[in-house]
Amino acid sequence: MTSVTVDAASAEPPYEQVRRQLADGAASGTLAPGHRLPTVRQLATDLGLAANTIAKAYRALEVDGVVQTLGRKGTFVASRRSDDAEAGAGAQTYARTARRRGLSLEEATRLVEDCWHV
């Protein structure tokens, strides 16, 4: 669950409040890389804001490299460590093993997701 609040009395525009809180969460690690954010429509409903307000915040975050939008799959906190050699080598080994075992990409990904929070 993503915890974002908007103070209607603040001089800071609502989209900037949303953008700042999500960027701070990603920077602090509260929102881990790969964390799926709510849809624009869902977060707008939750906060009582227009969908365009949330979309503007998400676009700004994407331009800044904080989030990555993957079409219909959703918007995710971007990885900050794509250059981690050890993790890359482990991922390559896992991908080869999964293919040899006949797993589809979806099945292999689901296994990683199942283990992620263990």
# chains A, B, ... in the order shown; residues from 1 in each chain; ligands from 1
$ select_by_dssp --residues "chain A" --states "helix (DSSP H, G or I)" --output "number ranges by chain"
A: 14-28, 40-47, 51-63, 71-73, 85-100, 105-116
$ atom_distance --atom1 "atom CA of A:Arg36" --atom2 "atom CA of A:Thr75"
5.8 Å
$ residues_around --residues "A:Tyr15" --least-positions-apart "5" --cutoff "7 Å" --atoms "only C-alpha atoms" --output "JSON list (two decimals) with C-alpha atoms, in the first residue's frame"
[["chain", "number", "residue", "atom", "x", "y", "z"],
["A", 53, "THR", "CA", -3.49, 15.71, -11.19],
["A", 54, "ILE", "CA", -2.11, 12.24, -10.43],
["A", 56, "LYS", "CA", 0.88, 14.96, -13.95],
["A", 57, "ALA", "CA", 2.71, 13.76, -10.82]]
$ closest_residue --among "A:Val4, A:Ala85, A:Leu47, A:Ala55" --to "A:Gly25" --atoms "only C-alpha atoms"
A:Val4
$ residues_around --residues "A:Tyr94" --least-positions-apart "6" --cutoff "10 Å" --atoms "only C-alpha atoms" --output "number ranges by chain"
A: 88, 100, 108, 112
$ write_last_selection --atoms "N, CA and C atoms" --output "PDB file, in the first residue's frame"
ATOM      1  N   GLY A  88      23.163  -8.952 -11.315  1.00  0.00           N
ATOM      2  CA  GLY A  88      23.035  -9.241 -12.744  1.00  0.00           C
ATOM      3  C   GLY A  88      23.489 -10.654 -13.076  1.00  0.00           C
ATOM      4  N   ARG A 100      16.031 -23.683 -19.062  1.00  0.00           N
ATOM      5  CA  ARG A 100      16.373 -25.118 -19.162  1.00  0.00           C
ATOM      6  C   ARG A 100      15.284 -25.984 -18.554  1.00  0.00           C
ATOM      7  N   ALA A 108       8.643 -17.899 -14.351  1.00  0.00           N
ATOM      8  CA  ALA A 108       9.902 -17.565 -13.696  1.00  0.00           C
ATOM      9  C   ALA A 108       9.766 -16.284 -12.880  1.00  0.00           C
ATOM     10  N   VAL A 112      10.104 -15.559  -8.631  1.00  0.00           N
ATOM     11  CA  VAL A 112      10.890 -14.489  -8.003  1.00  0.00           C
ATOM     12  C   VAL A 112       9.986 -13.654  -7.101  1.00  0.00           C
TER      13      VAL A 112
END
$ atom_distance --atom1 "atom CA of A:Pro38" --atom2 "atom CA of A:Gly74"
7.9 Å
$ residues_around --residues "A:Gly48" --least-positions-apart "5" --cutoff "12 Å" --atoms "only C-alpha atoms" --output "PDB file with C-alpha atoms, in the first residue's frame"
ATOM      1  CA  VAL A   4       0.223   9.509   0.212  1.00  0.00           C
ATOM      2  CA  THR A   5      -1.701  12.401   1.700  1.00  0.00           C
ATOM      3  CA  VAL A   6      -2.645  15.771   0.300  1.00  0.00           C
ATOM      4  CA  ASP A   7      -3.075  18.888   2.420  1.00  0.00           C
ATOM      5  CA  ALA A   8      -5.706  21.032   0.719  1.00  0.00           C
ATOM      6  CA  PRO A  14      -1.560  18.794  -4.966  1.00  0.00           C
ATOM      7  CA  VAL A  40      -3.769   6.946 -11.711  1.00  0.00           C
ATOM      8  CA  ARG A  41      -7.505   6.489 -11.369  1.00  0.00           C
ATOM      9  CA  GLN A  42      -7.236   4.567  -8.084  1.00  0.00           C
ATOM     10  CA  LEU A  43      -4.900   7.063  -6.408  1.00  0.00           C
ATOM     11  CA  THR A  53      -3.494  15.705 -11.191  1.00  0.00           C
ATOM     12  CA  ILE A  54      -2.107  12.242 -10.435  1.00  0.00           C
TER      13      ILE A  54
END
$ select_by_dssp --residues "chain A" --states "strand (DSSP E)" --output "ChimeraX atom specification"
/A:67-69,75-77
$ residues_around --residues "A:Ala98" --least-positions-apart "4" --cutoff "10 Å" --atoms "only C-alpha atoms" --output "ChimeraX atom specification"
/A:92-94,102-105,107-109,111
$ atom_distance --atom1 "atom CA of A:Ala78" --atom2 "atom CA of A:Asp46"
22.8 Å
$ closest_residue --among "A:Ala11, A:Ala50, A:Val63, A:Leu70" --to "A:Ala23" --atoms "only C-alpha atoms"
A:Val63
